[in-house]
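Peer 1: Have a look at the structure that comes next, please.
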Amino acid sequence: MAELLYLKEAEQVVTVAGASDKPKVGEDLSEIGVIERGSVIVEGEKIAFAGTDADARHYLQKRSGKVKTIEATGKILTPGLVDPHTHLVFAGSREQELTMRLKGKSYMSILQAGGGILSTTKSTRAATADQLAHESRLRLDRFLKHGVTTVEAKSGYGLATDAELKQLRVAQQLNNNHPVDVVSTFMGAHAIPPEWKQDPDGFVQLVAEEMIPQVAAENLAEFCDVFCEEGVFTVAQSQYILEEGKKHGLKPKIHADELVSFGGAELAAKVGAVSADHLLKASPTGIEQMAEAGVIAVLLPGTAFFLMTEPANARAMIEAGVPVALSTDRNPGSSPTESLPFIMNLACLTMKMTPEEVLAASTINAAHAIGRAKDIGSIEAGKNADLVLFDAPNYQTLQYNYAVNRVDTVMKAGKIVVEGGVLLEKTDNQRCSLATEDRGTRPIWQK
């Protein structure tokens, strides 16, 4: 019989329970199921109990076997945070672009001059799979220290068949060898590479007829994404790629209406996308159609913040009944951060979301955006024991203290992987790898 783990008497247990079948919308987004002086009991990889501490003690009296106790007094317990939109696997850096933007260069002008995505593509194509895995593993370590236990990872910095497959294989390797679960999305249609600049339709055909079948044949991704934007991929091109992806079992996602109102939100509803992401310039019609179709809006306030532009209209989407999730959009150009808690701060401060809405959007709704809500995203008996203990007296403090990492303990599938804010060297039944060291971090493990 597995040892029971007793997380004892937290100031608050934020369960975000009751939305595993469908995401929270409207007023329900604020219902986050706070248990004052609550406790959680974990058995093996699963949550066995969540409730008041008095009920937890009664539960334990009926059980036999060893019990390990973690004192949670003075802290709060939440589900593991879920990041549903990242560009995790890449090589190189683009810090010089910050100065260019400060001097007035736009995102699109940098891209069209060969920078932006195309700059990262050059570095990623040149990198070996081992180099990509090493750099990306360090990013996952930092995600974990910020309480993130599951991430989505897009390709899209290869822009050629072999390079795209390389990115996705690395993401799959990381999913197998790192405590953070990595859910893969194919995004060969992230930009038009230089060699196809004079024939964008030819590149679209390559993505649809060569890349997608190979990705599906190797089972390297669950989703297919496309950057539907003026100057990148048209609505017609985007629809063709997403429909071809659906034929091969890849569920559609879409980068929509980030820079101009372009019809991306409407297309997301039309193709039945799981999510539409960015949406800074989404039209009222597009928002209404997304609500009707149940498309999740994955909002990325960190990207707007870093690009120094107005964020998405979260309040309009929530009021329209669109399910809203939050993400870092971790990438090397427009959102170079692994701090989802800071993104949660920005959602309050720049998009006027409430602390309650932010927690639901970063847990259960984010889990829905990557098809994992049956297993993660809330604290409920039978779900995976992905949990975060924050050194905070209440959940409002997480958004009140902005840009402060209050993560104390992180549990992944019932194993403590961060303790006292530090990544553990190894956990039971895991092999320690000395190949992935980061400053201030002990050697990280492999599952």
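Following the order of the structure tokens, first chain is A, next is B, and so on, with residues numbered from 1 inside each chain and ligands from 1 in the order they appear.
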Per residue of stretch 139-211 of chain A within 9 Å of stretch 379-400 of chain A, what are the shortest atom pair and its distance in Å to one decimal, counting only C-alpha atoms, with rows by chain and residue number, as a tab-separated table?

Peer 2:
```
residue	atom	partner	partner_atom	distance
A:Gly147	CA	A:Val388	CA	5.9
A:Val148	CA	A:Val388	CA	8.5
A:Thr149	CA	A:Asp386	CA	6.7
A:Thr150	CA	A:Asp386	CA	9.0
```

Peer 1: Report as a Markdown table: every residue of stretch 400-421 of chain A with an atom at most 12 Å from stretch 337-341 of chain A, its closest pair of atoms, and their distance in Å to one decimal, counting only C-alpha atoms, with rows sorted by chain and ascending residue number.

Peer 2:
```
| residue | atom | partner | partner_atom | distance |
| --- | --- | --- | --- | --- |
| A:Tyr400 | CA | A:Pro341 | CA | 11.1 |
| A:Asn401 | CA | A:Pro341 | CA | 10.0 |
| A:Tyr402 | CA | A:Pro341 | CA | 8.1 |
| A:Ala403 | CA | A:Pro341 | CA | 7.4 |
| A:Val404 | CA | A:Pro341 | CA | 8.1 |
| A:Asn405 | CA | A:Pro341 | CA | 7.2 |
| A:Arg406 | CA | A:Pro341 | CA | 8.8 |
| A:Val407 | CA | A:Pro341 | CA | 9.3 |
```

Peer 1: As an NGL selection string, list the residues of stretch 152-288 of chain A assigned to alpha helix (DSSP H) by DSSP on the backbone atoms of this structure.

Peer 2: :A and (161-177 or 200-206 or 212-217 or 235-247 or 264-271 or 284-288)

Peer 1: Within 10 Å of stretch 249-267 of chain A, which residues of stretch 145-202 of chain A show up? Give each one with its shortest atom-to-atom distance in Å (one decimal) and the two atoms involved, counting only C-alpha atoms, rows by chain then rising residue number, as JSON lines.

Peer 2:
```
{"residue": "A:Thr185", "atom": "CA", "partner": "A:Leu250", "partner_atom": "CA", "distance": 8.5}
{"residue": "A:Phe186", "atom": "CA", "partner": "A:Leu250", "partner_atom": "CA", "distance": 8.4}
{"residue": "A:Met187", "atom": "CA", "partner": "A:Lys253", "partner_atom": "CA", "distance": 9.3}
{"residue": "A:His190", "atom": "CA", "partner": "A:His255", "partner_atom": "CA", "distance": 9.0}
```

Peer 1: Per DSSP on the backbone, filter stretch 171-247 of chain A down to the residues in strand (DSSP E or B) and report them as a VMD selection string.

Peer 2: chain A and resid 181 to 189 223 to 228 233

Peer 1: Would you pick out the contacts of stretch 64-70 of chain A at 9 Å or less, using only C-alpha atoms, so that residues sharing its chain but fewer than 4 positions from it are not included, and give the list as a ChimeraX atom specification?

Peer 2: /A:1-8,60

Peer 1: How would the residues just picked look written out with all heavy atoms as a PDB file, in the first residue's frame?

Peer 2:
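Generated output (selection.pdb):
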```
ATOM      1  N   MET A   1       0.847  -1.198   0.000  1.00  0.00           N
ATOM      2  CA  MET A   1       0.000   0.000   0.000  1.00  0.00           C
ATOM      3  C   MET A   1       0.884   1.250   0.000  1.00  0.00           C
ATOM      4  O   MET A   1       1.853   1.331   0.754  1.00  0.00           O
ATOM      5  CB  MET A   1      -0.916   0.005   1.232  1.00  0.00           C
ATOM      6  CG  MET A   1      -1.872   1.190   1.282  1.00  0.00           C
ATOM      7  SD  MET A   1      -3.000   1.092   2.691  1.00  0.00           S
ATOM      8  CE  MET A   1      -3.963  -0.344   2.242  1.00  0.00           C
ATOM      9  N   ALA A   2       0.564   2.210  -0.852  1.00  0.00           N
ATOM     10  CA  ALA A   2       1.360   3.424  -0.974  1.00  0.00           C
ATOM     11  C   ALA A   2       1.256   4.264   0.290  1.00  0.00           C
ATOM     12  O   ALA A   2       0.214   4.309   0.948  1.00  0.00           O
ATOM     13  CB  ALA A   2       0.889   4.232  -2.180  1.00  0.00           C
ATOM     14  N   GLU A   3       2.367   4.915   0.620  1.00  0.00           N
ATOM     15  CA  GLU A   3       2.365   5.841   1.742  1.00  0.00           C
ATOM     16  C   GLU A   3       1.440   7.011   1.435  1.00  0.00           C
ATOM     17  O   GLU A   3       1.413   7.533   0.315  1.00  0.00           O
ATOM     18  CB  GLU A   3       3.797   6.353   1.970  1.00  0.00           C
ATOM     19  CG  GLU A   3       3.922   7.353   3.098  1.00  0.00           C
ATOM     20  CD  GLU A   3       5.332   7.884   3.255  1.00  0.00           C
ATOM     21  OE1 GLU A   3       5.789   8.582   2.323  1.00  0.00           O
ATOM     22  OE2 GLU A   3       5.967   7.584   4.273  1.00  0.00           O
ATOM     23  N   LEU A   4       0.680   7.430   2.422  1.00  0.00           N
ATOM     24  CA  LEU A   4      -0.193   8.591   2.264  1.00  0.00           C
ATOM     25  C   LEU A   4       0.591   9.858   2.577  1.00  0.00           C
ATOM     26  O   LEU A   4       1.409   9.885   3.507  1.00  0.00           O
ATOM     27  CB  LEU A   4      -1.392   8.490   3.195  1.00  0.00           C
ATOM     28  CG  LEU A   4      -2.353   7.321   2.977  1.00  0.00           C
ATOM     29  CD1 LEU A   4      -3.474   7.357   4.004  1.00  0.00           C
ATOM     30  CD2 LEU A   4      -2.931   7.353   1.571  1.00  0.00           C
ATOM     31  N   LEU A   5       0.357  10.875   1.800  1.00  0.00           N
ATOM     32  CA  LEU A   5       0.972  12.180   2.030  1.00  0.00           C
ATOM     33  C   LEU A   5      -0.122  13.141   2.492  1.00  0.00           C
ATOM     34  O   LEU A   5      -1.123  13.344   1.792  1.00  0.00           O
ATOM     35  CB  LEU A   5       1.624  12.685   0.745  1.00  0.00           C
ATOM     36  CG  LEU A   5       2.464  13.957   0.854  1.00  0.00           C
ATOM     37  CD1 LEU A   5       3.630  13.754   1.817  1.00  0.00           C
ATOM     38  CD2 LEU A   5       2.994  14.357  -0.515  1.00  0.00           C
ATOM     39  N   TYR A   6       0.069  13.702   3.649  1.00  0.00           N
ATOM     40  CA  TYR A   6      -0.944  14.531   4.315  1.00  0.00           C
ATOM     41  C   TYR A   6      -0.459  15.982   4.320  1.00  0.00           C
ATOM     42  O   TYR A   6       0.448  16.338   5.057  1.00  0.00           O
ATOM     43  CB  TYR A   6      -1.141  13.990   5.725  1.00  0.00           C
ATOM     44  CG  TYR A   6      -2.000  14.768   6.680  1.00  0.00           C
ATOM     45  CD1 TYR A   6      -3.068  15.562   6.268  1.00  0.00           C
ATOM     46  CD2 TYR A   6      -1.768  14.671   8.066  1.00  0.00           C
ATOM     47  CE1 TYR A   6      -3.856  16.249   7.174  1.00  0.00           C
ATOM     48  CE2 TYR A   6      -2.545  15.334   8.986  1.00  0.00           C
ATOM     49  CZ  TYR A   6      -3.584  16.133   8.537  1.00  0.00           C
ATOM     50  OH  TYR A   6      -4.368  16.806   9.452  1.00  0.00           O
ATOM     51  N   LEU A   7      -1.023  16.814   3.442  1.00  0.00           N
ATOM     52  CA  LEU A   7      -0.721  18.245   3.425  1.00  0.00           C
ATOM     53  C   LEU A   7      -1.679  18.907   4.405  1.00  0.00           C
ATOM     54  O   LEU A   7      -2.876  19.071   4.118  1.00  0.00           O
ATOM     55  CB  LEU A   7      -0.866  18.813   2.019  1.00  0.00           C
ATOM     56  CG  LEU A   7       0.193  18.282   1.040  1.00  0.00           C
ATOM     57  CD1 LEU A   7      -0.400  17.215   0.122  1.00  0.00           C
ATOM     58  CD2 LEU A   7       0.774  19.403   0.208  1.00  0.00           C
ATOM     59  N   LYS A   8      -1.150  19.256   5.537  1.00  0.00           N
ATOM     60  CA  LYS A   8      -1.972  19.529   6.714  1.00  0.00           C
ATOM     61  C   LYS A   8      -2.286  21.007   6.921  1.00  0.00           C
ATOM     62  O   LYS A   8      -1.395  21.835   7.031  1.00  0.00           O
ATOM     63  CB  LYS A   8      -1.266  18.984   7.957  1.00  0.00           C
ATOM     64  CG  LYS A   8      -2.025  19.178   9.255  1.00  0.00           C
ATOM     65  CD  LYS A   8      -1.231  18.648  10.444  1.00  0.00           C
ATOM     66  CE  LYS A   8      -1.973  18.875  11.751  1.00  0.00           C
ATOM     67  NZ  LYS A   8      -1.181  18.409  12.910  1.00  0.00           N
ATOM     68  N   LEU A  60      -8.136   9.863   7.733  1.00  0.00           N
ATOM     69  CA  LEU A  60      -6.918   9.132   8.052  1.00  0.00           C
ATOM     70  C   LEU A  60      -7.150   8.071   9.124  1.00  0.00           C
ATOM     71  O   LEU A  60      -6.478   7.028   9.133  1.00  0.00           O
ATOM     72  CB  LEU A  60      -5.827  10.106   8.513  1.00  0.00           C
ATOM     73  CG  LEU A  60      -5.234  11.009   7.420  1.00  0.00           C
ATOM     74  CD1 LEU A  60      -4.314  12.050   8.027  1.00  0.00           C
ATOM     75  CD2 LEU A  60      -4.492  10.182   6.383  1.00  0.00           C
TER      76      LEU A  60
END
```

Peer 1: Which is closer to A:Ala133 than all the others in A:Asn177, A:Thr99, A:Asn331, A:Asn313, using only C-alpha atoms?

Peer 2: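 Among the listed residues, A:Asn177 lies closest to A:Ala133.
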
Peer 1: Could you tell me which of A:Phe306, A:Glu218, A:Leu102, A:Pro311 comes closest to A:Ala282 if we count only C-alpha atoms?

Peer 2: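 Going through A:Phe306, A:Glu218, A:Leu102, A:Pro311 one by one, the smallest distance to A:Ala282 is for A:Pro311.
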
Peer 1: Which one is closest to A:Ala361: A:Ala312, A:Leu326, A:Leu81, A:Val274? Count only C-alpha atoms.

Peer 2: A:Leu326

Peer 1: Rank A:Gln173, A:Ser93, A:Thr78, A:Ser39 by their smallest atom-to-atom distance to A:Gly333, using only C-alpha atoms, and report the top residue only.

Peer 2: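 That would be A:Ser93, the residue with the smallest distance to A:Gly333.
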
Peer 1: Just to confirm, what's the straight-line distance from atom CA of A:Ala127 to atom CA of A:Gln167 in Å (one decimal)?

Peer 2: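 Value for the atom CA of A:Ala127-atom CA of A:Gln167 distance: 10.1 Å.
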
Peer 1: Write out as a ChimeraX atom specification the residues lying within 10 Å of A:Phe305, counting only C-alpha atoms and excluding same-chain residues fewer than 2 positions away.

Peer 2: /A:300-303,307-311,334-335,343,346,350

Peer 1: For the residues in the current selection, export N, CA and C atoms as a CSV table (one decimal), in the first residue's frame.

Peer 2:
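Done, and the output landed in selection_30.csv:
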```
chain,number,residue,atom,x,y,z
A,300,LEU,N,-2.6,36.3,-23.5
A,300,LEU,CA,-1.1,36.4,-23.2
A,300,LEU,C,-0.7,37.8,-22.9
A,301,PRO,N,-1.1,38.3,-21.7
A,301,PRO,CA,-0.8,39.7,-21.3
A,301,PRO,C,0.6,40.0,-21.3
A,302,GLY,N,1.5,39.0,-21.0
A,302,GLY,CA,2.9,39.3,-21.0
A,302,GLY,C,3.5,39.7,-22.4
A,303,THR,N,2.9,39.2,-23.4
A,303,THR,CA,3.3,39.5,-24.8
A,303,THR,C,2.9,41.0,-25.1
A,307,LEU,N,5.7,43.9,-25.7
A,307,LEU,CA,5.6,44.6,-27.0
A,307,LEU,C,5.1,46.0,-26.8
A,308,MET,N,4.7,46.4,-25.6
A,308,MET,CA,4.3,47.7,-25.3
A,308,MET,C,3.0,48.1,-26.1
A,309,THR,N,2.1,47.2,-26.0
A,309,THR,CA,0.8,47.5,-26.7
A,309,THR,C,-0.4,47.1,-25.8
A,310,GLU,N,-1.6,47.5,-26.3
A,310,GLU,CA,-2.8,47.3,-25.4
A,310,GLU,C,-3.1,45.8,-25.4
A,311,PRO,N,-3.4,45.2,-24.3
A,311,PRO,CA,-3.7,43.8,-24.2
A,311,PRO,C,-5.1,43.5,-24.7
A,334,SER,N,9.0,37.9,-28.0
A,334,SER,CA,7.9,38.8,-27.5
A,334,SER,C,7.5,38.5,-26.1
A,335,SER,N,8.0,37.4,-25.5
A,335,SER,CA,7.6,37.1,-24.1
A,335,SER,C,8.6,36.1,-23.5
A,343,ILE,N,2.6,36.6,-15.1
A,343,ILE,CA,1.5,36.7,-16.1
A,343,ILE,C,0.1,36.9,-15.4
A,346,LEU,N,-0.1,40.4,-14.3
A,346,LEU,CA,-0.5,41.3,-15.4
A,346,LEU,C,-1.9,41.1,-15.8
A,350,THR,N,-3.4,44.7,-16.0
A,350,THR,CA,-3.6,45.3,-17.4
A,350,THR,C,-4.9,44.8,-18.1
```

Peer 1: As a PyMOL selection string, please: the residues near A:Lys374 (cut-off 10 Å, only C-alpha atoms, same-chain neighbours under 4 positions excluded).

Peer 2: chain A and resi 19-22+364+367-368+378+382-384

Peer 1: Do you know which residues are at most 10 Å from A:Gln172 counting only C-alpha atoms, after dropping those on the same chain fewer than 4 positions away, and could you put them as an MDAnalysis selection string?

Peer 2: chainID A and resid 133 153 166:168 176:177 181:184 219:221

Peer 1: Please indicate the distance in Å from atom CA of A:Leu88 to atom CA of A:Ala276, rounded to one decimal place.

Peer 2: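 For atom CA of A:Leu88 relative to atom CA of A:Ala276, the distance reads 18.5 Å.
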